[in-house]
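K.L.:
Next up, query.cif (mmCIF, C-alpha atoms).
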data_query
#
loop_
_atom_site.label_atom_id
_atom_site.label_comp_id
_atom_site.auth_asym_id
_atom_site.auth_seq_id
_atom_site.Cartn_x
_atom_site.Cartn_y
_atom_site.Cartn_z
CA MET A 296 -20.89 -3.09 -3.25
CA THR A 297 -17.24 -3.84 -4.05
CA SER A 298 -14.99 -3.20 -7.01
CA PRO A 299 -11.27 -3.44 -7.86
CA VAL A 300 -9.65 -0.41 -9.49
CA LYS A 301 -6.17 0.38 -10.70
CA VAL A 302 -4.16 3.01 -8.86
CA PRO A 303 -3.15 5.92 -11.11
CA THR A 304 0.66 5.71 -10.93
CA SER A 305 0.81 9.39 -11.87
CA ARG A 306 -0.28 10.07 -8.29
CA GLY A 307 3.07 8.83 -7.05
CA TRP A 308 1.89 5.47 -5.74
CA PRO A 309 3.35 2.13 -6.92
CA ALA A 310 1.27 0.24 -9.49
CA ALA A 311 -1.39 -1.74 -7.63
CA THR A 312 -5.02 -2.74 -7.59
CA LEU A 313 -7.25 -1.36 -4.88
CA HIS A 314 -10.18 -3.47 -3.75
CA LEU A 315 -12.89 -1.05 -2.68
CA SER A 316 -15.94 -1.36 -0.51
CA ILE A 317 -18.28 1.33 -1.81
CA ASP A 318 -20.57 3.08 0.66
CA SER A 319 -23.79 2.51 -1.26
CA ALA A 320 -25.75 5.18 0.63
CA GLU A 321 -23.14 7.87 0.04
CA HIS A 322 -22.65 6.75 -3.57
CA THR A 323 -26.40 7.04 -4.19
CA ARG A 324 -26.58 10.41 -2.44
CA ARG A 325 -23.75 11.75 -4.59
CA GLN A 326 -25.33 10.42 -7.76
CA GLN A 327 -28.62 12.11 -6.91
CA ALA A 328 -26.82 15.36 -6.06
CA GLY A 329 -24.78 15.28 -9.27
CA LEU A 330 -21.57 15.00 -7.27
CA GLY A 331 -18.76 12.63 -8.24
CA HIS A 332 -15.49 12.50 -6.36
CA ILE A 333 -14.45 15.56 -4.39
CA ARG A 334 -11.74 17.50 -6.22
CA ASP A 335 -9.74 19.23 -3.53
CA SER A 336 -8.16 21.66 -5.98
CA HIS A 337 -7.26 24.21 -3.31
CA GLY A 338 -5.74 21.56 -1.07
CA SER A 339 -7.70 22.49 2.05
CA LEU A 340 -11.36 21.63 1.41
CA LEU A 341 -11.12 18.17 2.96
CA ASP A 342 -9.28 19.63 5.95
CA THR A 343 -12.23 21.98 6.44
CA LEU A 344 -14.79 19.21 5.95
CA MET A 345 -13.10 17.11 8.62
CA ALA A 346 -13.53 20.01 11.02
CA LEU A 347 -17.30 19.84 10.47
CA PRO A 348 -19.32 17.03 12.10
CA PRO A 349 -21.49 15.33 9.46
CA GLY A 350 -25.17 16.21 9.61
CA ILE A 351 -24.84 18.76 12.42
CA PRO A 352 -25.36 22.51 11.80
CA VAL A 353 -22.34 24.66 12.60
CA PRO A 354 -22.39 28.47 12.66
CA VAL A 355 -20.23 29.78 9.84
CA ALA A 356 -19.06 32.53 12.19
CA ASN A 357 -17.33 29.85 14.29
CA LEU A 358 -15.06 28.91 11.38
CA THR A 359 -11.77 30.50 10.48
CA ARG A 360 -11.68 32.88 7.52
CA HIS A 361 -9.98 30.20 5.43
CA GLN A 362 -12.58 27.60 6.39
CA GLN A 363 -15.36 30.02 5.52
CA ASP A 364 -13.82 30.50 2.06
CA ASP A 365 -13.69 26.71 1.59
CA VAL A 366 -17.32 26.34 2.64
CA ARG A 367 -18.54 29.05 0.27
CA ARG A 368 -16.78 27.64 -2.78
CA ALA A 369 -17.55 23.97 -2.07
CA PRO A 370 -19.32 22.25 -5.02
CA ASP A 371 -23.00 21.37 -4.75
CA GLY A 372 -23.75 18.15 -2.93
CA ILE A 373 -20.98 18.45 -0.36
CA LEU A 374 -22.69 20.68 2.18
CA ASP A 375 -25.62 23.04 2.75
CA LEU A 376 -25.05 26.68 3.60
CA ASN A 377 -28.09 28.59 4.78
CA LEU A 378 -28.92 31.31 7.31
CA GLY A 379 -25.37 31.43 8.58
CA LEU A 380 -25.24 27.68 9.24
CA VAL A 381 -23.28 25.02 7.39
CA ILE A 382 -24.17 21.31 7.40
CA ARG A 383 -21.72 18.81 5.97
CA HIS A 384 -23.31 15.93 4.06
CA ALA A 385 -20.31 14.40 2.30
CA ILE A 386 -18.54 11.47 3.92
CA ARG A 387 -15.94 9.10 2.55
CA PRO A 388 -17.49 7.27 -0.41
CA CYS A 389 -15.55 4.06 0.03
CA ARG A 390 -12.87 2.25 1.95
CA VAL A 391 -9.95 0.24 0.66
CA THR A 392 -10.23 -3.36 1.84
CA LEU A 393 -6.97 -4.50 0.20
CA ALA A 394 -4.21 -3.14 -2.02
CA THR A 395 -2.53 -5.80 -4.15
CA VAL A 396 0.72 -5.65 -6.07
CA ARG A 397 1.07 -8.27 -8.78
CA GLY A 398 4.31 -10.13 -9.59
CA THR A 399 6.81 -12.52 -8.07
CA CYS A 400 7.43 -12.02 -4.38
CA THR A 401 10.69 -10.10 -4.08
CA ARG A 402 12.03 -7.55 -1.63
CA GLU A 403 11.27 -4.86 -4.19
CA ARG A 404 7.62 -5.86 -4.35
CA ILE A 405 7.43 -6.18 -0.60
CA GLY A 406 8.57 -2.56 -0.51
CA LYS A 407 6.00 -1.51 -3.12
CA ALA A 408 3.17 -3.21 -1.25
CA GLY A 409 4.42 -1.67 1.98
CA ALA A 410 3.88 1.80 0.54
CA TYR A 411 0.15 1.29 1.11
CA ALA A 412 0.56 0.69 4.85
CA PRO A 413 -0.90 4.12 5.76
CA VAL A 414 -4.14 3.52 3.84
CA SER A 415 -5.10 -0.17 3.69
CA PRO A 416 -4.21 -3.83 4.15
CA ARG A 417 -1.81 -4.98 1.42
CA ALA A 418 -0.70 -8.12 -0.35
CA ILE A 419 1.40 -9.46 -3.21
CA VAL A 420 -0.31 -11.64 -5.80
CA THR A 421 2.39 -13.93 -7.20
CA PRO A 422 2.21 -16.50 -10.05
CA THR A 423 4.84 -18.71 -8.39
CA PRO A 424 5.91 -19.41 -4.80
CA PRO A 425 8.95 -17.38 -3.67
CA ARG A 426 12.29 -19.08 -4.30
CA ARG A 427 13.49 -18.09 -0.85
CA ASP A 428 11.43 -18.91 2.25
CA TYR A 429 12.80 -15.86 4.04
CA LEU A 430 10.79 -13.67 1.69
CA LEU A 431 7.58 -15.07 3.18
CA THR A 432 8.97 -14.35 6.63
CA GLU A 433 9.83 -10.78 5.66
CA ALA A 434 6.42 -10.22 4.10
CA ASP A 435 4.75 -11.54 7.24
CA TYR A 436 6.95 -9.31 9.43
CA TRP A 437 5.77 -6.23 7.55
CA GLY A 438 2.14 -7.37 7.60
CA ILE A 439 2.03 -7.96 3.84
CA GLY A 440 0.05 -10.91 2.56
CA VAL A 441 1.31 -13.24 -0.16
CA LEU A 442 -1.35 -14.80 -2.39
CA LEU A 443 -0.47 -17.49 -4.91
CA ASP A 444 -2.39 -17.19 -8.18
CA HIS A 445 -2.90 -20.64 -9.70
CA GLY A 446 -4.21 -19.10 -12.90
CA ASP A 447 -7.73 -20.45 -12.53
CA GLY A 448 -9.16 -17.55 -10.57
CA GLU A 449 -8.31 -19.14 -7.23
CA LEU A 450 -5.82 -17.51 -4.87
CA GLU A 451 -3.98 -19.58 -2.27
CA THR A 452 -2.98 -17.70 0.85
CA LEU A 453 0.70 -18.24 1.65
CA VAL A 454 0.81 -15.33 4.10
CA THR A 455 -2.33 -13.69 5.51
CA PRO A 456 -2.44 -9.89 5.18
CA ALA A 457 -2.30 -8.19 8.56
CA PRO A 458 -5.51 -6.46 9.66
CA TRP A 459 -5.38 -2.73 9.12
CA LYS A 460 -6.70 -0.14 11.52
CA PRO A 461 -6.15 3.57 10.96
CA LYS A 462 -4.29 5.25 13.78
CA ARG A 463 -6.32 8.36 13.06
CA HIS A 464 -8.50 9.78 10.32
CA THR A 465 -6.69 12.36 8.23
CA PRO A 466 -7.49 14.60 5.26
CA ALA A 467 -4.69 12.84 3.35
CA ALA A 468 -6.41 9.47 3.79
CA TRP A 469 -9.71 10.99 2.65
CA ARG A 470 -7.99 12.43 -0.43
CA PHE A 471 -6.64 8.97 -1.21
CA VAL A 472 -10.06 7.32 -1.14
CA GLU A 473 -11.52 10.16 -3.25
CA THR A 474 -8.87 9.38 -5.88
CA ALA A 475 -9.77 5.69 -5.68
CA TYR A 476 -13.46 6.56 -5.93
CA ALA A 477 -12.73 8.67 -9.02
CA SER A 478 -11.14 5.59 -10.63
CA TYR A 479 -14.19 3.56 -9.66
CA LEU A 480 -16.55 6.07 -11.24
CA LYS A 481 -14.50 6.18 -14.42
CA GLN A 482 -14.32 2.39 -14.61
CA SER A 483 -17.98 1.82 -13.82
CA SER A 484 -19.02 4.22 -16.58
CA THR A 485 -17.64 1.88 -19.27
CA PRO A 486 -20.23 -0.45 -20.88
CA ASP A 487 -18.34 -3.66 -20.09
CA HIS A 488 -17.89 -2.86 -16.42
CA ALA A 489 -21.43 -1.58 -16.07
CA GLY A 490 -22.67 -4.90 -17.41
CA GLU A 491 -20.47 -6.85 -15.03
CA GLU A 492 -21.63 -4.81 -12.05
CA ALA A 493 -25.26 -5.30 -13.03
CA ARG A 494 -24.63 -9.04 -12.96
CA GLY A 495 -22.94 -8.77 -9.56
CA ARG A 496 -19.44 -9.60 -10.75
CA THR A 497 -16.13 -7.83 -10.40
CA GLN A 498 -13.00 -8.33 -12.46
CA PRO A 499 -10.16 -10.36 -10.91
CA ASP A 500 -7.02 -8.64 -9.66
#
Turn the structure described in the file into structure tokens.
P.N.:
Amino acid sequence: MTSPVKVPTSRGWPAATLHLSIDSAEHTRRQQAGLGHIRDSHGSLLDTLMALPPGIPVPVANLTRHQQDDVRRAPDGILDLNLGLVIRHAIRPCRVTLATVRGTCTRERIGKAGAYAPVSPRAIVTPTPPRRDYLLTEADYWGIGVLLDHGDGELETLVTPAPWKPKRHTPAAWRFVETAYASYLKQSSTPDHAGEEARGRTQPD
């Protein structure tokens, strides 16, 4: 299940569209548990969750005092706490398959697309080919794809986005996908998008 969502610029990221691959099993589990995206209001819950192996009981006594506080105030649907044992159920609800910045290919937009290097592959969707060939070379050097939009829904690949592999899994990266998932939930709750998703379509970038 995939869906494109807009990045909330208020989060400090450049304006872009994130193309998400939704984990259908985790999405369904969260829906059944009444859990949406994880709001890490105290700034440490996801750090604690990453210290817990998913699906494996861990004695609460083995956790630090701070981790124990996080576990006890975690919203329903994230974990189970019983008889001194905690079991984490929540995993990342989606992954970002591509972040696209729309506009003519310039050094400024190459920089904006490059801001997403820590979290996903990235590309520029441009309505016209770059006026300077060196811009394609620079984009390719930084691993940023350049996709030419012909205006008919077809994108021509001028530069292929570099494959993205996380160097390590971090709480910050998990927070990012939870924010993206929140946008997905908000978008999919609108009647128009719900109808599109039911018909198996997603909006273009």
K.L.:
Excluding same-chain residues fewer than 2 positions from region 442-455 of chain A, what lies within 9 Å of it counting only C-alpha atoms, as a PyMOL selection string?
P.N.:
chain A and resi 418-424+431-432+434-435+438-440+457-458+499
K.L.:
As an exercise, work out the distance from CA of Arg367 (chain A) to CA of Ile351 (chain A) in Å and give it to one decimal place.
P.N.:
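Atom-to-atom, CA of Arg367 (chain A) to CA of Ile351 (chain A), that is 17.1 Å.
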K.L.:
At what distance in Å, to one decimal, does CA of Val302 (chain A) lie from CA of His464 (chain A)?
P.N.:
20.8 Å
K.L.:
Per residue of region 346-457 of chain A within 12 Å of region 331-336 of chain A, record the nearest atom pair and its distance in Å to one decimal, counting all atoms listed in the file, with rows in chain order and ascending residue number, as CSV.
P.N.:
residue,atom,partner,partner_atom,distance
A:Asp365,CA,A:Asp335,CA,9.9
A:Arg368,CA,A:Ser336,CA,11.0
A:Ala369,CA,A:Asp335,CA,9.3
A:Pro370,CA,A:Ile333,CA,8.3
A:Asp371,CA,A:Gly331,CA,10.3
A:Gly372,CA,A:Gly331,CA,9.1
A:Ile373,CA,A:Ile333,CA,8.2
A:Leu374,CA,A:Ile333,CA,11.7
A:Ala385,CA,A:Ile333,CA,9.0
A:Ile386,CA,A:Ile333,CA,10.1
A:Arg387,CA,A:His332,CA,9.5
A:Pro388,CA,A:His332,CA,8.2
A:Cys389,CA,A:His332,CA,10.6
K.L.:
I need the residues from that last selection saved to file as a short mmCIF file (atom, residue, chain, number, x, y, z; two decimals), keeping the file's coordinate frame (with C-alpha atoms), if you can.
P.N.:
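Written output follows (part.cif):
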data_model
loop_
_atom_site.label_atom_id
_atom_site.label_comp_id
_atom_site.auth_asym_id
_atom_site.auth_seq_id
_atom_site.Cartn_x
_atom_site.Cartn_y
_atom_site.Cartn_z
CA ASP A 365 -13.69 26.71 1.59
CA ARG A 368 -16.78 27.64 -2.78
CA ALA A 369 -17.55 23.97 -2.07
CA PRO A 370 -19.32 22.25 -5.02
CA ASP A 371 -23.00 21.37 -4.75
CA GLY A 372 -23.75 18.15 -2.93
CA ILE A 373 -20.98 18.45 -0.36
CA LEU A 374 -22.69 20.68 2.18
CA ALA A 385 -20.31 14.40 2.30
CA ILE A 386 -18.54 11.47 3.92
CA ARG A 387 -15.94 9.10 2.55
CA PRO A 388 -17.49 7.27 -0.41
CA CYS A 389 -15.55 4.06 0.03
#
K.L.:
Let me know the centre plus edge lengths, in Å and rounded to one decimal, of a box with edges along x, y and z that contains all listed atoms of region 356-367 of chain A and is padded by 8 Å on every side, as JSON.
P.N.:
{"center_x": -14.5, "center_y": 29.6, "center_z": 7.3, "size_x": 25.1, "size_y": 22.5, "size_z": 30.0}
K.L.:
Enter the distance from CA of Arg360 (chain A) to CA of Leu330 (chain A), in Å, rounded to one decimal.
P.N.:
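The value is 25.2 Å.
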K.L.:
Hey, what comes out of the PyMOL selection byres ((chain A and resi 338) around 12) on this file? Could you write it as a PDB file with C-alpha atoms, in the coordinates of the input?
P.N.:
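Result went into part-v6.pdb, see below:
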ATOM      1  CA  ILE A 333     -14.450  15.560  -4.390  1.00  0.00           C
ATOM      2  CA  ARG A 334     -11.740  17.500  -6.220  1.00  0.00           C
ATOM      3  CA  ASP A 335      -9.740  19.230  -3.530  1.00  0.00           C
ATOM      4  CA  SER A 336      -8.160  21.660  -5.980  1.00  0.00           C
ATOM      5  CA  HIS A 337      -7.260  24.210  -3.310  1.00  0.00           C
ATOM      6  CA  SER A 339      -7.700  22.490   2.050  1.00  0.00           C
ATOM      7  CA  LEU A 340     -11.360  21.630   1.410  1.00  0.00           C
ATOM      8  CA  LEU A 341     -11.120  18.170   2.960  1.00  0.00           C
ATOM      9  CA  ASP A 342      -9.280  19.630   5.950  1.00  0.00           C
ATOM     10  CA  THR A 343     -12.230  21.980   6.440  1.00  0.00           C
ATOM     11  CA  LEU A 344     -14.790  19.210   5.950  1.00  0.00           C
ATOM     12  CA  HIS A 361      -9.980  30.200   5.430  1.00  0.00           C
ATOM     13  CA  GLN A 362     -12.580  27.600   6.390  1.00  0.00           C
ATOM     14  CA  ASP A 365     -13.690  26.710   1.590  1.00  0.00           C
ATOM     15  CA  PRO A 466      -7.490  14.600   5.260  1.00  0.00           C
ATOM     16  CA  ALA A 467      -4.690  12.840   3.350  1.00  0.00           C
ATOM     17  CA  TRP A 469      -9.710  10.990   2.650  1.00  0.00           C
ATOM     18  CA  ARG A 470      -7.990  12.430  -0.430  1.00  0.00           C
TER      19      ARG A 470
END
